[in-house]
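A.B. asks: Sharing structure_32.csv, CSV, C-alpha atoms:
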```csv
chain,number,residue,atom,x,y,z
S,1,MET,CA,0.9,24.6,13.6
S,2,ARG,CA,3.4,25.0,10.8
S,3,VAL,CA,6.8,23.5,11.5
S,4,ALA,CA,9.9,24.0,9.4
S,5,THR,CA,13.4,22.5,9.2
S,6,PHE,CA,15.9,25.3,8.4
S,7,SER,CA,19.5,26.2,8.5
S,8,ILE,CA,21.2,29.3,9.8
S,9,ALA,CA,24.9,30.0,10.2
S,10,GLY,CA,25.6,26.5,9.1
S,11,GLU,CA,23.4,24.9,11.8
S,12,ARG,CA,20.2,22.9,11.2
S,13,ARG,CA,17.3,23.9,13.4
S,14,VAL,CA,13.5,23.2,13.7
S,15,GLY,CA,11.0,25.9,14.4
S,16,LEU,CA,7.4,27.2,14.4
S,17,VAL,CA,6.5,29.2,11.3
S,18,ASP,CA,4.3,32.2,11.3
S,19,PRO,CA,4.1,33.1,7.6
S,20,ASP,CA,1.8,36.0,8.2
S,21,GLU,CA,4.4,37.7,10.4
S,22,GLY,CA,7.3,36.4,8.3
S,23,VAL,CA,9.1,34.8,11.2
S,24,ILE,CA,10.2,31.5,12.5
S,25,LEU,CA,10.6,30.6,16.2
S,26,PRO,CA,13.3,28.0,16.8
S,27,PHE,CA,12.6,25.2,19.2
S,28,ASP,CA,15.2,24.8,22.0
S,29,PHE,CA,16.6,21.5,20.7
S,30,PRO,CA,20.3,20.6,20.8
S,31,VAL,CA,21.8,21.0,17.4
S,32,GLU,CA,22.5,17.3,17.1
S,33,ARG,CA,18.9,16.5,17.8
S,34,ALA,CA,17.7,18.8,15.0
S,35,GLN,CA,19.7,16.9,12.4
S,36,GLU,CA,16.6,14.8,11.5
S,37,GLY,CA,14.4,17.8,11.0
S,38,ILE,CA,10.9,17.7,12.3
S,39,LEU,CA,11.4,14.1,13.5
S,40,ALA,CA,13.0,15.8,16.5
S,41,LEU,CA,9.5,17.2,17.3
S,42,ILE,CA,7.5,14.1,16.2
S,43,GLU,CA,9.6,12.0,18.6
S,44,HIS,CA,9.7,14.6,21.3
S,45,ASP,CA,9.3,12.8,24.7
S,46,GLY,CA,7.3,15.5,26.4
S,47,VAL,CA,3.6,16.1,26.2
S,48,ALA,CA,4.0,19.9,25.9
S,49,LEU,CA,5.9,21.5,23.1
S,50,PRO,CA,9.6,22.4,23.8
S,51,ARG,CA,10.1,26.1,24.5
S,52,THR,CA,10.9,28.4,21.6
S,53,LEU,CA,13.7,30.9,21.3
S,54,SER,CA,13.6,34.4,19.9
S,55,PRO,CA,11.9,34.7,16.5
S,56,LEU,CA,14.0,35.0,13.3
S,57,PRO,CA,13.0,36.6,10.1
S,58,LEU,CA,12.1,33.9,7.5
S,59,SER,CA,14.2,35.8,5.1
S,60,SER,CA,17.3,35.2,7.2
S,61,VAL,CA,17.1,31.4,7.2
S,62,GLU,CA,17.4,28.7,4.5
S,63,LEU,CA,14.4,26.4,4.4
S,64,GLU,CA,15.2,22.7,4.2
S,65,ALA,CA,12.9,19.8,3.5
S,66,PRO,CA,10.8,19.0,6.6
S,67,ILE,CA,12.6,15.7,6.9
S,68,PRO,CA,15.8,16.3,5.0
S,69,GLN,CA,17.0,12.7,4.9
S,70,PRO,CA,14.0,10.3,5.5
S,71,ARG,CA,15.0,7.1,7.3
S,72,ARG,CA,13.2,5.0,4.7
S,73,ASN,CA,12.0,5.3,1.1
S,74,ILE,CA,9.0,7.6,0.5
S,75,PHE,CA,5.9,5.5,0.0
S,76,CYS,CA,4.0,6.7,-3.1
S,77,VAL,CA,0.6,6.0,-4.6
S,78,GLY,CA,0.1,6.0,-8.4
S,79,LYS,CA,-3.0,6.8,-10.5
S,80,ASN,CA,-5.0,8.0,-7.5
S,81,TYR,CA,-7.2,10.6,-9.2
S,82,TYR,CA,-9.7,9.4,-11.8
S,83,GLU,CA,-8.8,11.9,-14.5
S,84,HIS,CA,-5.1,11.4,-14.0
S,85,ALA,CA,-5.6,7.6,-14.1
S,86,HIS,CA,-7.2,7.9,-17.5
S,87,GLU,CA,-4.6,10.4,-18.9
S,88,PHE,CA,-1.7,8.2,-17.8
S,89,ALA,CA,-3.4,5.1,-19.2
S,90,ARG,CA,-3.6,6.8,-22.6
S,91,SER,CA,0.0,8.0,-22.5
S,92,GLY,CA,1.7,4.7,-23.5
S,93,PHE,CA,4.0,4.8,-20.5
S,94,ASP,CA,1.7,3.0,-18.1
S,95,SER,CA,2.8,-0.6,-17.5
S,96,SER,CA,-0.3,-1.3,-15.5
S,97,ALA,CA,-2.8,-0.1,-18.1
S,98,ALA,CA,-3.7,-3.6,-19.2
S,99,ALA,CA,-5.5,-4.1,-15.9
S,100,GLY,CA,-7.7,-1.0,-16.6
S,101,ALA,CA,-7.2,2.7,-16.3
S,102,VAL,CA,-8.6,3.0,-12.8
S,103,PRO,CA,-6.9,0.7,-10.3
S,104,LYS,CA,-8.9,-1.7,-8.2
S,105,ASP,CA,-6.4,-1.4,-5.3
S,106,PRO,CA,-3.8,1.2,-4.6
S,107,ILE,CA,-0.7,1.1,-6.8
S,108,ILE,CA,2.3,1.5,-4.4
S,109,PHE,CA,5.9,2.4,-5.4
S,110,SER,CA,8.6,4.3,-3.7
S,111,LYS,CA,11.3,7.0,-4.0
S,112,VAL,CA,14.7,6.7,-2.4
S,113,PRO,CA,15.5,9.1,0.5
S,114,ASP,CA,18.4,10.7,-1.4
S,115,SER,CA,15.9,12.1,-4.0
S,116,VAL,CA,14.6,14.6,-1.4
S,117,VAL,CA,15.4,18.3,-1.8
S,118,ALA,CA,14.0,21.5,-0.3
S,119,THR,CA,11.8,24.3,-1.7
S,120,HIS,CA,13.9,26.6,-3.9
S,121,SER,CA,16.4,23.9,-4.6
S,122,SER,CA,17.1,23.0,-8.2
S,123,VAL,CA,15.6,19.9,-9.8
S,124,LEU,CA,18.5,18.7,-11.9
S,125,ILE,CA,17.9,17.0,-15.3
S,126,ASP,CA,20.5,14.9,-17.0
S,127,THR,CA,19.7,14.7,-20.7
S,128,LYS,CA,22.1,11.7,-21.0
S,129,VAL,CA,19.8,9.8,-18.8
S,130,SER,CA,16.3,11.1,-19.6
S,131,SER,CA,14.6,13.5,-22.0
S,132,ALA,CA,11.1,13.2,-20.6
S,133,ILE,CA,11.0,14.9,-17.2
S,134,ASP,CA,7.5,15.4,-15.7
S,135,TYR,CA,6.0,17.1,-12.6
S,136,GLU,CA,3.4,15.7,-10.2
S,137,ALA,CA,1.8,17.8,-7.5
S,138,GLU,CA,1.0,15.7,-4.4
S,139,LEU,CA,-0.1,15.9,-0.8
S,140,ALA,CA,2.2,14.0,1.5
S,141,VAL,CA,1.3,12.4,4.8
S,142,ILE,CA,3.7,12.3,7.6
S,143,ILE,CA,3.3,9.4,10.0
S,144,GLY,CA,3.5,10.2,13.7
S,145,LYS,CA,2.6,6.9,15.5
S,146,GLU,CA,3.9,3.4,14.8
S,147,GLY,CA,1.4,0.9,13.6
S,148,ARG,CA,0.9,-2.4,11.8
S,149,GLY,CA,-2.4,-3.8,10.6
S,150,ILE,CA,-4.0,-0.4,11.0
S,151,SER,CA,-7.8,-0.2,10.3
S,152,GLY,CA,-9.2,2.5,8.1
S,153,GLU,CA,-11.2,3.8,11.1
S,154,ASN,CA,-8.1,4.3,13.2
S,155,ALA,CA,-5.7,5.3,10.4
S,156,LEU,CA,-5.8,9.1,10.9
S,157,ASP,CA,-4.7,8.5,14.6
S,158,HIS,CA,-1.3,7.6,13.1
S,159,VAL,CA,-0.9,10.8,11.2
S,160,TRP,CA,1.3,13.6,12.5
S,161,GLY,CA,0.8,16.0,9.7
S,162,TYR,CA,1.1,16.9,6.0
S,163,THR,CA,3.5,18.5,3.6
S,164,ILE,CA,3.8,19.0,-0.2
S,165,VAL,CA,5.8,16.8,-2.6
S,166,ASN,CA,6.6,17.1,-6.3
S,167,ASP,CA,6.9,13.5,-7.5
S,168,VAL,CA,9.2,14.4,-10.4
S,169,THR,CA,9.3,11.6,-12.9
S,170,ALA,CA,11.4,10.5,-15.8
S,171,ARG,CA,8.6,9.2,-18.0
S,172,ASP,CA,10.9,7.4,-20.5
S,173,LEU,CA,12.5,5.5,-17.7
S,174,GLN,CA,9.2,4.8,-16.0
S,175,GLY,CA,7.9,3.3,-19.3
S,176,ARG,CA,11.1,1.3,-19.9
S,177,TYR,CA,11.1,-0.6,-16.6
S,178,SER,CA,8.1,-2.4,-15.1
S,179,GLN,CA,9.0,-1.1,-11.7
S,180,TRP,CA,9.0,2.7,-11.3
S,181,LEU,CA,11.8,3.1,-8.8
S,182,ILE,CA,14.5,4.3,-11.3
S,183,GLY,CA,12.3,6.8,-13.1
S,184,LYS,CA,11.0,8.2,-9.8
S,185,SER,CA,14.2,8.2,-7.7
S,186,GLN,CA,16.6,10.2,-9.8
S,187,ASP,CA,18.7,12.6,-7.7
S,188,THR,CA,16.6,15.8,-6.7
S,189,PHE,CA,13.4,14.2,-8.0
S,190,CYS,CA,11.5,14.6,-4.7
S,191,PRO,CA,11.2,18.3,-3.8
S,192,MET,CA,9.4,18.6,-0.4
S,193,GLY,CA,8.2,21.5,1.7
S,194,PRO,CA,8.2,24.3,2.3
S,195,TRP,CA,7.3,23.1,5.8
S,196,ALA,CA,4.8,20.7,7.4
S,197,VAL,CA,1.5,21.3,9.1
S,198,THR,CA,0.0,19.3,11.9
S,199,LYS,CA,-3.1,17.3,11.1
S,200,ASP,CA,-5.4,19.4,13.3
S,201,GLU,CA,-4.7,22.5,11.0
S,202,PHE,CA,-5.4,20.8,7.7
S,203,ASP,CA,-8.8,20.4,6.0
S,204,LEU,CA,-8.7,17.2,4.0
S,205,GLN,CA,-12.3,17.7,2.7
S,206,ASN,CA,-11.9,21.2,1.3
S,207,ALA,CA,-8.2,21.7,0.5
S,208,GLY,CA,-7.3,22.4,-3.1
S,209,ILE,CA,-4.1,21.4,-4.9
S,210,ARG,CA,-2.7,23.3,-7.8
S,211,CYS,CA,0.5,23.2,-9.9
S,212,PHE,CA,1.9,25.9,-12.1
S,213,VAL,CA,4.8,25.7,-14.6
S,214,ASN,CA,6.1,29.2,-15.3
S,215,ASP,CA,2.9,30.6,-13.9
S,216,ASP,CA,0.8,28.5,-16.3
S,217,MET,CA,-1.7,26.5,-14.2
S,218,ARG,CA,-1.4,22.8,-15.2
S,219,GLN,CA,-3.1,21.0,-12.3
S,220,ASN,CA,-6.1,22.1,-10.3
S,221,SER,CA,-8.1,19.7,-8.1
S,222,LYS,CA,-9.2,18.8,-4.6
S,223,ILE,CA,-7.6,16.4,-2.1
S,224,SER,CA,-11.1,15.0,-1.4
S,225,LEU,CA,-11.1,13.6,-5.0
S,226,LEU,CA,-8.5,10.9,-4.3
S,227,ILE,CA,-9.7,7.5,-5.5
S,228,PHE,CA,-8.2,5.8,-2.4
S,229,ASP,CA,-8.4,8.2,0.5
S,230,ILE,CA,-5.7,8.6,3.2
S,231,PRO,CA,-7.2,6.1,5.7
S,232,THR,CA,-7.4,3.5,2.9
S,233,ILE,CA,-3.8,4.1,1.8
S,234,ILE,CA,-2.5,3.9,5.4
S,235,SER,CA,-4.4,0.7,6.1
S,236,THR,CA,-3.2,-0.9,2.8
S,237,LEU,CA,0.4,-0.1,3.5
S,238,SER,CA,0.3,-1.3,7.1
S,239,GLN,CA,-0.9,-4.8,6.2
S,240,GLY,CA,2.3,-6.6,6.9
S,241,ILE,CA,4.5,-3.4,7.0
S,242,THR,CA,5.0,-1.6,10.3
S,243,LEU,CA,4.6,2.2,9.6
S,244,LYS,CA,7.0,4.2,11.7
S,245,PRO,CA,7.2,7.9,12.9
S,246,GLY,CA,8.7,10.0,10.1
S,247,ASP,CA,7.4,7.7,7.3
S,248,ILE,CA,6.2,9.8,4.4
S,249,ILE,CA,3.4,8.8,2.0
S,250,ALA,CA,2.8,10.8,-1.2
S,251,THR,CA,-0.8,10.3,-2.0
S,252,GLY,CA,-1.0,10.7,-5.8
S,253,THR,CA,-1.3,13.5,-8.4
S,254,PRO,CA,-4.3,15.0,-10.2
S,255,ALA,CA,-4.8,15.4,-14.0
S,256,GLY,CA,-2.7,17.9,-15.9
S,257,VAL,CA,0.8,16.4,-15.8
S,258,GLY,CA,3.0,16.9,-18.8
S,259,ILE,CA,2.5,13.5,-20.3
S,260,GLY,CA,-1.3,14.2,-20.5
S,261,PHE,CA,-0.8,16.9,-23.2
S,262,ASP,CA,-0.5,16.3,-27.0
S,263,PRO,CA,2.4,16.7,-27.5
S,264,PRO,CA,3.7,16.2,-24.0
S,265,LYS,CA,4.8,19.3,-22.0
S,266,TYR,CA,8.0,18.0,-20.4
S,267,LEU,CA,10.1,20.1,-18.1
S,268,LYS,CA,13.2,21.9,-19.4
S,269,ALA,CA,16.0,23.9,-17.9
S,270,GLY,CA,14.8,27.2,-16.7
S,271,ASP,CA,11.3,26.1,-15.9
S,272,VAL,CA,9.9,27.0,-12.5
S,273,VAL,CA,7.4,24.6,-10.9
S,274,ARG,CA,5.2,25.9,-8.1
S,275,ILE,CA,2.8,23.6,-6.2
S,276,GLU,CA,0.2,25.1,-3.8
S,277,ILE,CA,-2.0,23.2,-1.3
S,278,ASP,CA,-4.5,25.2,0.7
S,279,GLY,CA,-3.6,25.2,4.4
S,280,ILE,CA,0.0,24.3,3.8
S,281,GLY,CA,1.7,26.8,1.4
S,282,ALA,CA,3.7,26.6,-1.8
S,283,LEU,CA,6.6,24.5,-2.9
S,284,GLU,CA,8.7,26.1,-5.6
S,285,ASN,CA,11.6,24.7,-7.6
S,286,ARG,CA,13.6,25.7,-10.7
S,287,VAL,CA,14.7,23.1,-13.2
S,288,SER,CA,18.4,23.2,-14.1
S,289,GLU,CA,20.6,21.0,-16.3
S,290,ARG,CA,23.1,19.0,-14.3
S,291,ALA,CA,26.7,20.0,-15.0
S,292,GLN,CA,28.4,17.3,-17.1
```
Just dump the structure as structure tokens.

C.D. replies:
Amino acid sequence: MRVATFSIAGERRVGLVDPDEGVILPFDFPVERAQEGILALIEHDGVALPRTLSPLPLSSVELEAPIPQPRRNIFCVGKNYYEHAHEFARSGFDSSAAAGAVPKDPIIFSKVPDSVVATHSSVLIDTKVSSAIDYEAELAVIIGKEGRGISGENALDHVWGYTIVNDVTARDLQGRYSQWLIGKSQDTFCPMGPWAVTKDEFDLQNAGIRCFVNDDMRQNSKISLLIFDIPTIISTLSQGITLKPGDIIATGTPAGVGIGFDPPKYLKAGDVVRIEIDGIGALENRVSERAQ
């Protein structure tokens, strides 16, 4: 099923999405419970789904990020497609390149919760801070069951579902600092959505991932081409860290990011970035300059 967090008449709600019919069916949650978005459903006590209310036209609601304010930083994996690992190693911004273009173990970093914005929200660039803003199309995993020391064989048992993330990056800041947190965590640098899908409806083996900038296709790959697959990522993170319901893991981006071009194709005000993942939908955001 597809599940969205949305707002209508100033209230945040959670509901089932039927994109073919263009409607959303709100779950009968108290408004205060819906404040954490789809976490209200992930942590729902009952075995059966809560009842739904009368359908609303999708056009009448404002979609929010599936988890508008994550409880913890978003876990992210760097250099997790072979061609992207090589293009990033060649870019001059990769502080890990001395160890080889292709990592021997997952490279883990994070983005702060306040960087999350919804589909159709603006990605704000501040030219006083960075002049090298890049896009990264990524599949994001949403954890549904707590676990520590999770084996690869059991890792998918801990997954609730999936969504789309644009791991927007200030490349100059990423290159300046050995740790990537600052370059990855600028305000609005984690568009997420448009909604989430449960794991039973998503085909990890066959789903494609694509990114367009102003309708120009920049990235086009398959989720199955990850260097470190999702069970490996979950197992790696959970060795000493307890993963909790609502944790989000961005799994890496394929080749075709702006830094991979000569000269680089950085984002500028007015650009529209659209990321599509088969079986989920499309995440779309316009780039705007921050008001000074």

A.B. asks: With a distance cut-off of 8 Å and all atoms listed in the file, select the neighbouring residues of Ile164 in chain S, excluding the residue or stretch itself and same-chain residues fewer than 5 positions from it, and output the selection as a PyMOL selection string.

C.D. replies: chain S and resi 137-140+192-194+196+275-277+280+282-283

A.B. asks: I need the residue nearest Gly260 in chain S from this list: S:Val273, S:Glu136, S:Ile209, S:Val159. Use all atoms listed in the file for the distance.

C.D. replies: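 Smallest separation from Gly260 in chain S among the options: S:Glu136.
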
A.B. asks: Using only C-alpha atoms for the distances, tell me which of S:Asp20, S:Asp28, S:Glu36, S:Glu289 is nearest to Arg71 in chain S.

C.D. replies: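 Closest to Arg71 in chain S of all the choices is S:Glu36.
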
A.B. asks: As an exercise, work out the distance from CA of Ile249 in chain S to CA of Arg72 in chain S in Å and give it to one decimal place.

C.D. replies: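 Straight-line distance from CA of Ile249 in chain S to CA of Arg72 in chain S works out to 10.9 Å.
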
A.B. asks: Between S:Leu124, S:Val165, S:Val23, S:Leu226, which one has atoms that come closest to Asp271 in chain S, using all atoms listed in the file?

C.D. replies: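 Between S:Leu124, S:Val165, S:Val23, S:Leu226, the residue approaching Asp271 in chain S most closely is S:Leu124.
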
A.B. asks: Excluding Asp134 in chain S and any residue of its chain fewer than 3 positions from it, enumerate the residues within 12 Å of it, using only C-alpha atoms, and give them as a VMD selection string.

C.D. replies: chain S and resid 88 123 125 130 to 131 137 166 to 174 183 to 184 189 to 190 211 213 218 253 256 to 261 264 to 268 271 273 287

A.B. asks: Given the choices S:Ala155, S:Ile38, S:Ala118, S:Ala250, which gets closest to Val141 in chain S if the distance is worked out from all atoms listed in the file?

C.D. replies: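 Looking only at the distances to Val141 in chain S, the closest residue turns out to be S:Ala250.
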
A.B. asks: To one decimal place in Å, what is the distance between CA of Lys199 in chain S and CA of Ile42 in chain S?

C.D. replies: 12.2 Å

A.B. asks: Please return as a PyMOL selection string every residue within 12 Å of (-10.5, 10.4, 2.7), taking into account only C-alpha atoms and the file's own coordinates.

C.D. replies: chain S and resi 80+152-153+155-156+203-207+222-235+251
